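Student: Below is one structure. I have some questions about it.
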Amino acid sequence: MFKLHAKAHLPTLFGDFEIYVFDDDGDPSEHAVLVKGDVYNADSVPVRIHSECLTGDVFGSKRCDCREQLVKSLEMLSSMERGILIYLRQEGRGIGLKNKIKAYSLQENGFDTVEANLALGLPVDSRDYTFAINVLHYFGISRIKLMSNNPLKFQFLQENGIDVIERIPLITDPRPEDKFYLETKRNRMGHQL
Ligand SMILES: [Zn+2]
């Protein structure tokens with residue numbers, strides 16, 4: 001059973017949101033959903049599905065562009081009439097923090113992000129967006145504008161009955177430290193950057 005656990009007002013540096021947490025049988029992850037405005041049964045809702053990146057989101061790591069994407073999403077959502085940020089606690093594209101740091105270590109020895117995961121015997125991307133589908137169903141939303149550069153998310157949502165009517169790109173400025181990472185995402189994982 002997927003059901004609301006609790007919700008509360010959450011004023012942030014980027015604007016005012018409501019934060020929702022849900023109970024989802026079989027999933028112990030404490031995902032978070034930030035909601036701007038009235039989204040119940042709304043059409044064409046802007047949605048950001050962000051996977052947790054402790055090093056980027058919290059510490060401001062320059063190895064990736066996660067924090068810029070998160071900040072940009074929150075800024076954009078707070079300027080919009082309504083919208084949703086679904087924050088999935090699936091660190092390191094689903095491989096967890098320990099494996100992510102091991103992969104970083106390999107990358108310091110010349111592997112790219114895809115090769116490093118493969119060398120560790122891990123999938124390149126093991127993220128699961130089922131929770132996001134459940135959230136959209138909970139709010140009665142079937143048509144969204146997706147804030148993403150990742151084609152896999154589109155495919156997953158479309159295959160699960162969510163109509164993505166528009167892509168809102170999240171363009172961030174590359175830095176020397178994450179240039180190679182972003183190029184790998186574009187060239188090997190089909191991201192539209
Ligand atoms: Zn990151």
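In the structure tokens, chains take letters A, B, ... by order of appearance, with residues numbered from 1 within each chain and ligands from 1 in the order shown.
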Between chain A and ligand 1, at 8 Å or less, what are the per-residue closest atom pairs and their distances in Å? Count only C-alpha atoms and all ligand atoms, order by chain and rising residue number, and return it as a Markdown table.

Tutor:
```
| residue | atom | partner | partner_atom_place_in_ligand_line | distance |
| --- | --- | --- | --- | --- |
| A:Glu52 | CA | ligand 1 | 1 (Zn) | 7.6 |
| A:Cys53 | CA | ligand 1 | 1 (Zn) | 4.6 |
| A:Leu54 | CA | ligand 1 | 1 (Zn) | 7.2 |
| A:Thr55 | CA | ligand 1 | 1 (Zn) | 6.3 |
| A:Gly56 | CA | ligand 1 | 1 (Zn) | 4.6 |
| A:Asp57 | CA | ligand 1 | 1 (Zn) | 6.9 |
| A:Ser61 | CA | ligand 1 | 1 (Zn) | 7.3 |
| A:Arg63 | CA | ligand 1 | 1 (Zn) | 6.9 |
| A:Cys64 | CA | ligand 1 | 1 (Zn) | 4.6 |
| A:Asp65 | CA | ligand 1 | 1 (Zn) | 5.9 |
| A:Cys66 | CA | ligand 1 | 1 (Zn) | 4.3 |
| A:Arg67 | CA | ligand 1 | 1 (Zn) | 6.9 |
| A:Gly92 | CA | ligand 1 | 1 (Zn) | 7.0 |
```

Student: Go ahead and write the selection's residues with N, CA and C atoms as a compact mmCIF listing (two decimals), in the first residue's frame.

Tutor:
```
# COMPACT_ATOMS: atom_id res chain seq x y z
N GLU A 52 19.10 11.34 -4.98
CA GLU A 52 20.01 11.85 -3.96
C GLU A 52 21.48 11.74 -4.36
N CYS A 53 22.23 12.80 -4.08
CA CYS A 53 23.67 12.79 -4.26
C CYS A 53 24.25 13.52 -3.05
N LEU A 54 24.61 12.77 -2.04
CA LEU A 54 25.09 13.40 -0.80
C LEU A 54 26.26 14.34 -1.05
N THR A 55 27.24 13.85 -1.81
CA THR A 55 28.45 14.65 -2.03
C THR A 55 28.13 15.95 -2.78
N GLY A 56 27.23 15.88 -3.74
CA GLY A 56 26.87 17.07 -4.51
C GLY A 56 25.82 17.92 -3.81
N ASP A 57 24.67 17.32 -3.49
CA ASP A 57 23.53 18.07 -2.94
C ASP A 57 23.90 18.76 -1.63
N SER A 61 29.94 19.13 -3.90
CA SER A 61 31.00 18.52 -4.70
C SER A 61 30.99 19.06 -6.12
N ARG A 63 32.42 17.30 -8.49
CA ARG A 63 32.61 16.14 -9.37
C ARG A 63 31.39 15.89 -10.24
N CYS A 64 30.27 16.49 -9.89
CA CYS A 64 29.05 16.28 -10.66
C CYS A 64 28.24 17.58 -10.64
N ASP A 65 27.13 17.57 -11.34
CA ASP A 65 26.31 18.79 -11.42
C ASP A 65 24.99 18.63 -10.66
N CYS A 66 24.94 17.66 -9.73
CA CYS A 66 23.68 17.37 -9.04
C CYS A 66 23.14 18.57 -8.25
N ARG A 67 24.03 19.23 -7.50
CA ARG A 67 23.57 20.35 -6.69
C ARG A 67 23.03 21.48 -7.56
N GLY A 92 24.09 7.80 -5.73
CA GLY A 92 25.03 7.28 -6.73
C GLY A 92 24.36 6.45 -7.82
```

Student: Enumerate as JSON, numbers by chain all residues of range 70-138 of chain A assigned to strand (DSSP E or B) by DSSP on the backbone, naming them with the chain letters and numbers the document uses.

Tutor: {"A": [83, 84, 85, 86, 87, 88]}

Student: Using only C-alpha atoms, can you tell me which of A:Ala132, A:Ala116, A:Leu146, A:Leu182 comes closest to Leu88 in chain A?

Tutor: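 For Leu88 in chain A, the nearest of the candidates is A:Ala132.
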
Student: Can you tell me which residues surround Leu77 in chain A at a distance of at most 10 Å, considering only C-alpha atoms, apart from same-chain residues fewer than 2 positions away, and format the answer as a PyMOL selection string?

Tutor: chain A and resi 14-17+34-37+46-48+71-75+79-85+147

Student: Among the residues of chain A, find those DSSP assigns to helix (DSSP H, G or I) from the backbone and print them as number ranges by chain.

Tutor: A: 54-58, 66-79, 91-94, 97-107, 113-119, 130-138, 151-159, 179-189

Student: Compile the contact shell of Tyr40 in chain A as a count of residues only: residues with an atom at most 8 Å away, counting only C-alpha atoms, same-chain residues fewer than 6 positions apart removed.

Tutor: 3

Student: Neighbouring residues of Asp112 in chain A were defined as those with any atom within 8 Å, considering only C-alpha atoms; residues of the same chain fewer than 6 positions away were excluded. Please report them as a PyMOL selection string.

Tutor: chain A and resi 180-181+184

Student: Only N, CA and C atoms, please: the residues just picked out, written as an mmCIF file, in the first residue's frame.

Tutor:
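Done, and the output landed in selection34.cif:
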```cif
data_model
loop_
_atom_site.group_PDB
_atom_site.id
_atom_site.type_symbol
_atom_site.label_atom_id
_atom_site.label_comp_id
_atom_site.auth_asym_id
_atom_site.auth_seq_id
_atom_site.Cartn_x
_atom_site.Cartn_y
_atom_site.Cartn_z
ATOM 1 N N PHE A 180 34.441 16.247 -17.724
ATOM 2 C CA PHE A 180 34.568 14.869 -18.201
ATOM 3 C C PHE A 180 33.333 14.046 -17.827
ATOM 4 N N TYR A 181 32.844 14.256 -16.589
ATOM 5 C CA TYR A 181 31.648 13.553 -16.117
ATOM 6 C C TYR A 181 30.437 13.890 -16.989
ATOM 7 N N THR A 184 30.712 12.337 -20.365
ATOM 8 C CA THR A 184 30.390 10.907 -20.306
ATOM 9 C C THR A 184 28.884 10.708 -20.264
#
```

Student: With only C-alpha atoms as the basis for distance, which of A:Ile49, A:Ser78, A:Glu159, A:Thr113 is at the shortest distance from Asn187 in chain A?

Tutor: A:Thr113

Student: Could you pull the residues within 8 Å of His191 in chain A, counting only C-alpha atoms, minus those fewer than 6 positions along the same chain, as a compact mmCIF listing (two decimals) with N, CA and C atoms, in the first residue's frame?

Tutor:
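Below is the file that was written, result-v7.txt:
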```
# COMPACT_ATOMS: atom_id res chain seq x y z
N ASN A 149 17.31 16.03 -18.03
CA ASN A 149 18.12 15.82 -19.24
C ASN A 149 18.24 14.34 -19.57
N ASN A 150 17.59 13.49 -18.78
CA ASN A 150 17.84 12.05 -18.83
C ASN A 150 16.75 11.30 -19.61
N PRO A 151 17.10 10.73 -20.78
CA PRO A 151 16.09 10.05 -21.60
C PRO A 151 15.49 8.81 -20.93
N LYS A 185 28.20 11.53 -19.47
CA LYS A 185 26.74 11.41 -19.40
C LYS A 185 26.11 11.64 -20.76
```

Student: Just to confirm, what's the straight-line distance from CA of Phe22 in chain A to CA of Lys3 in chain A in Å (one decimal)?

Tutor: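 We find that CA of Phe22 in chain A and CA of Lys3 in chain A lie 5.6 Å from each other.
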
Student: Smallest atom-to-atom distance to Ile168 in chain A: which of A:Phe2, A:Phe59, A:Tyr129, A:Phe154, using only C-alpha atoms?

Tutor: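 Result for the nearest residue to Ile168 in chain A: A:Phe154.
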
Student: Using only C-alpha atoms for the distances, tell me which of A:Ala6, A:Leu152, A:Leu70, A:Val33 is nearest to Tyr87 in chain A.

Tutor: A:Val33
